Amino acid sequence: MAETVTLTPAAAQRVALIAQKQSAPAILRLSVEGGGCSGFQYKFDLADAPDSDDSVSETAGVRLVVDPISLDLVSGSVVDFVESLGGAAFRVENPNAAAG
């Protein structure tokens with residue numbers, strides 16, 4: 001069984017809110033861009049629909065889609081939404097990432 005990436009309920013709630021404001025489907029695309037000194041960069045976008053080869057997981061009616069290349073790098077991860085004094089952001093808790 002292929003591992004997927006999942007959204008926490010907090011992240012799903014946030015995606016639903018953003019999608020509602022933009023009158024868009026509640027589909028969050030996670031992609032990984034390689035390179036740079038800091039390693040991988042996670043990129044989040046709203047998607048209109050999943051691509052045919054995307055991995056799709058669903059939490060509270062919100063779908064998270066990941067392309068096959070990115071999935072290799074984030075398989076088993078959890079996407080959370082965190083609010084702090086520094087602002088609010090989506091965060092990827094990736095068990096595959098090197099510490100740092």
# chains A, B, ... in the order shown; residues from 1 in each chain; ligands from 1

$ residues_around --residues "Glu33 (chain A)" --least-positions-apart "6" --cutoff "8 Å" --atoms "only C-alpha atoms" --output "PyMOL selection string"
chain A and resi 40-43

$ write_last_selection --atoms "C-alpha atoms" --output "PDB file, in the first residue's frame"
ATOM      1  CA  PHE A  40      13.358  21.257  -0.208  1.00  0.00           C
ATOM      2  CA  GLN A  41      10.739  23.961  -0.338  1.00  0.00           C
ATOM      3  CA  TYR A  42       7.088  23.043   0.152  1.00  0.00           C
ATOM      4  CA  LYS A  43       4.627  24.867  -2.071  1.00  0.00           C
TER       5      LYS A  43
END

$ select_by_dssp --residues "region 14-61 of chain A" --states "alpha helix (DSSP H)" --output "list in words"
Arg14, Val15, Ala16, Leu17, Ile18, Ala19, Gln20 and Lys21 of chain A

$ residues_around --residues "Asp54 (chain A)" --least-positions-apart "2" --cutoff "9 Å" --atoms "only C-alpha atoms" --output "ChimeraX atom specification"
/A:50-52,56,65-68,71

$ residues_around --residues "region 77-88 of chain A" --least-positions-apart "2" --cutoff "9 Å" --atoms "only C-alpha atoms" --output "ChimeraX atom specification"
/A:3-14,74-75,90-96

$ closest_residue --among "A:Ala16, A:Leu64, A:Ile69, A:Ala49" --to "Arg29 (chain A)" --atoms "only C-alpha atoms"
A:Leu64

$ atom_distance --atom1 "CA of Ala89 (chain A)" --atom2 "CA of Asp53 (chain A)"
26.9 Å

$ residues_around --residues "Pro25 (chain A)" --least-positions-apart "4" --cutoff "12 Å" --atoms "only C-alpha atoms" --output "VMD selection string"
chain A and resid 15 to 21 29 45 to 50 61 to 64

$ write_last_selection --atoms "all heavy atoms" --output "short mmCIF file (atom, residue, chain, number, x, y, z; two decimals), in the first residue's frame"
data_model
loop_
_atom_site.label_atom_id
_atom_site.label_comp_id
_atom_site.auth_asym_id
_atom_site.auth_seq_id
_atom_site.Cartn_x
_atom_site.Cartn_y
_atom_site.Cartn_z
N VAL A 15 -8.12 25.26 4.76
CA VAL A 15 -8.25 25.15 3.30
C VAL A 15 -9.70 25.41 2.89
O VAL A 15 -9.97 26.14 1.94
CB VAL A 15 -7.80 23.76 2.80
CG1 VAL A 15 -8.11 23.60 1.32
CG2 VAL A 15 -6.31 23.58 3.04
N ALA A 16 -10.64 24.85 3.64
CA ALA A 16 -12.06 25.05 3.33
C ALA A 16 -12.42 26.53 3.39
O ALA A 16 -13.14 27.04 2.52
CB ALA A 16 -12.93 24.24 4.30
N LEU A 17 -11.89 27.23 4.38
CA LEU A 17 -12.17 28.66 4.54
C LEU A 17 -11.59 29.46 3.37
O LEU A 17 -12.27 30.31 2.79
CB LEU A 17 -11.56 29.14 5.87
CG LEU A 17 -11.88 30.57 6.27
CD1 LEU A 17 -13.35 30.71 6.61
CD2 LEU A 17 -11.03 30.97 7.47
N ILE A 18 -10.34 29.19 3.03
CA ILE A 18 -9.69 29.90 1.90
C ILE A 18 -10.43 29.61 0.60
O ILE A 18 -10.71 30.51 -0.19
CB ILE A 18 -8.21 29.48 1.78
CG1 ILE A 18 -7.43 29.95 3.02
CG2 ILE A 18 -7.59 30.05 0.51
CD1 ILE A 18 -6.05 29.34 3.15
N ALA A 19 -10.77 28.34 0.38
CA ALA A 19 -11.46 27.96 -0.85
C ALA A 19 -12.82 28.64 -0.95
O ALA A 19 -13.22 29.12 -2.01
CB ALA A 19 -11.62 26.44 -0.91
N GLN A 20 -13.52 28.71 0.18
CA GLN A 20 -14.83 29.35 0.21
C GLN A 20 -14.71 30.83 -0.16
O GLN A 20 -15.48 31.35 -0.95
CB GLN A 20 -15.44 29.19 1.60
CG GLN A 20 -16.85 29.73 1.73
CD GLN A 20 -17.40 29.53 3.14
OE1 GLN A 20 -16.67 29.25 4.08
NE2 GLN A 20 -18.70 29.66 3.27
N LYS A 21 -13.70 31.51 0.39
CA LYS A 21 -13.48 32.93 0.09
C LYS A 21 -13.17 33.15 -1.38
O LYS A 21 -13.51 34.19 -1.94
CB LYS A 21 -12.34 33.49 0.94
CG LYS A 21 -12.71 33.76 2.37
CD LYS A 21 -11.55 34.38 3.12
CE LYS A 21 -11.94 34.66 4.56
NZ LYS A 21 -10.79 35.09 5.37
N ARG A 29 -3.14 21.61 -3.21
CA ARG A 29 -2.04 20.91 -3.87
C ARG A 29 -0.76 21.19 -3.11
O ARG A 29 -0.40 22.34 -2.87
CB ARG A 29 -1.89 21.37 -5.32
CG ARG A 29 -0.64 20.77 -6.00
CD ARG A 29 -0.59 21.03 -7.48
NE ARG A 29 -1.71 20.43 -8.17
CZ ARG A 29 -1.83 19.12 -8.42
NH1 ARG A 29 -0.91 18.28 -8.04
NH2 ARG A 29 -2.89 18.67 -9.06
N ASP A 45 -0.85 25.34 -3.13
CA ASP A 45 -1.75 26.07 -4.03
C ASP A 45 -3.12 25.43 -3.95
O ASP A 45 -3.23 24.23 -3.68
CB ASP A 45 -1.28 25.95 -5.50
CG ASP A 45 0.04 26.66 -5.75
OD1 ASP A 45 0.09 27.88 -5.54
OD2 ASP A 45 1.00 25.98 -6.14
N LEU A 46 -4.14 26.22 -4.23
CA LEU A 46 -5.46 25.61 -4.41
C LEU A 46 -5.49 25.02 -5.81
O LEU A 46 -4.94 25.59 -6.74
CB LEU A 46 -6.57 26.65 -4.26
CG LEU A 46 -6.89 27.11 -2.84
CD1 LEU A 46 -8.01 28.13 -2.87
CD2 LEU A 46 -7.26 25.96 -1.93
N ALA A 47 -6.13 23.88 -5.96
CA ALA A 47 -6.24 23.23 -7.27
C ALA A 47 -7.70 23.18 -7.67
O ALA A 47 -8.59 23.11 -6.82
CB ALA A 47 -5.66 21.82 -7.21
N ASP A 48 -7.95 23.23 -8.98
CA ASP A 48 -9.33 23.10 -9.47
C ASP A 48 -9.78 21.64 -9.42
O ASP A 48 -10.94 21.35 -9.18
CB ASP A 48 -9.44 23.63 -10.90
CG ASP A 48 -9.24 25.14 -10.95
OD1 ASP A 48 -9.65 25.82 -9.99
OD2 ASP A 48 -8.65 25.62 -11.92
N ALA A 49 -8.84 20.75 -9.68
CA ALA A 49 -9.14 19.32 -9.71
C ALA A 49 -7.83 18.55 -9.60
O ALA A 49 -6.79 19.07 -9.98
CB ALA A 49 -9.86 18.94 -11.00
N PRO A 50 -7.90 17.32 -9.10
CA PRO A 50 -6.68 16.51 -9.06
C PRO A 50 -6.28 16.10 -10.48
O PRO A 50 -7.14 15.94 -11.34
CB PRO A 50 -7.08 15.27 -8.26
CG PRO A 50 -8.44 15.54 -7.71
CD PRO A 50 -9.04 16.66 -8.49
N GLY A 61 -13.87 16.50 4.16
CA GLY A 61 -14.38 17.01 2.89
C GLY A 61 -13.39 17.83 2.09
O GLY A 61 -13.70 18.31 1.01
N VAL A 62 -12.19 18.01 2.61
CA VAL A 62 -11.14 18.76 1.90
C VAL A 62 -10.14 17.76 1.35
O VAL A 62 -9.70 16.85 2.04
CB VAL A 62 -10.43 19.74 2.86
CG1 VAL A 62 -9.25 20.41 2.17
CG2 VAL A 62 -11.41 20.78 3.37
N ARG A 63 -9.80 17.93 0.07
CA ARG A 63 -8.85 17.00 -0.54
C ARG A 63 -7.46 17.61 -0.60
O ARG A 63 -7.29 18.80 -0.84
CB ARG A 63 -9.31 16.63 -1.95
CG ARG A 63 -10.52 15.69 -1.90
CD ARG A 63 -10.90 15.19 -3.25
NE ARG A 63 -11.59 16.25 -3.99
CZ ARG A 63 -12.00 16.13 -5.24
NH1 ARG A 63 -11.79 15.01 -5.91
NH2 ARG A 63 -12.61 17.12 -5.84
N LEU A 64 -6.47 16.76 -0.37
CA LEU A 64 -5.07 17.12 -0.50
C LEU A 64 -4.53 16.30 -1.65
O LEU A 64 -4.66 15.07 -1.66
CB LEU A 64 -4.30 16.79 0.78
CG LEU A 64 -2.79 17.02 0.73
CD1 LEU A 64 -2.47 18.51 0.63
CD2 LEU A 64 -2.11 16.43 1.96
#
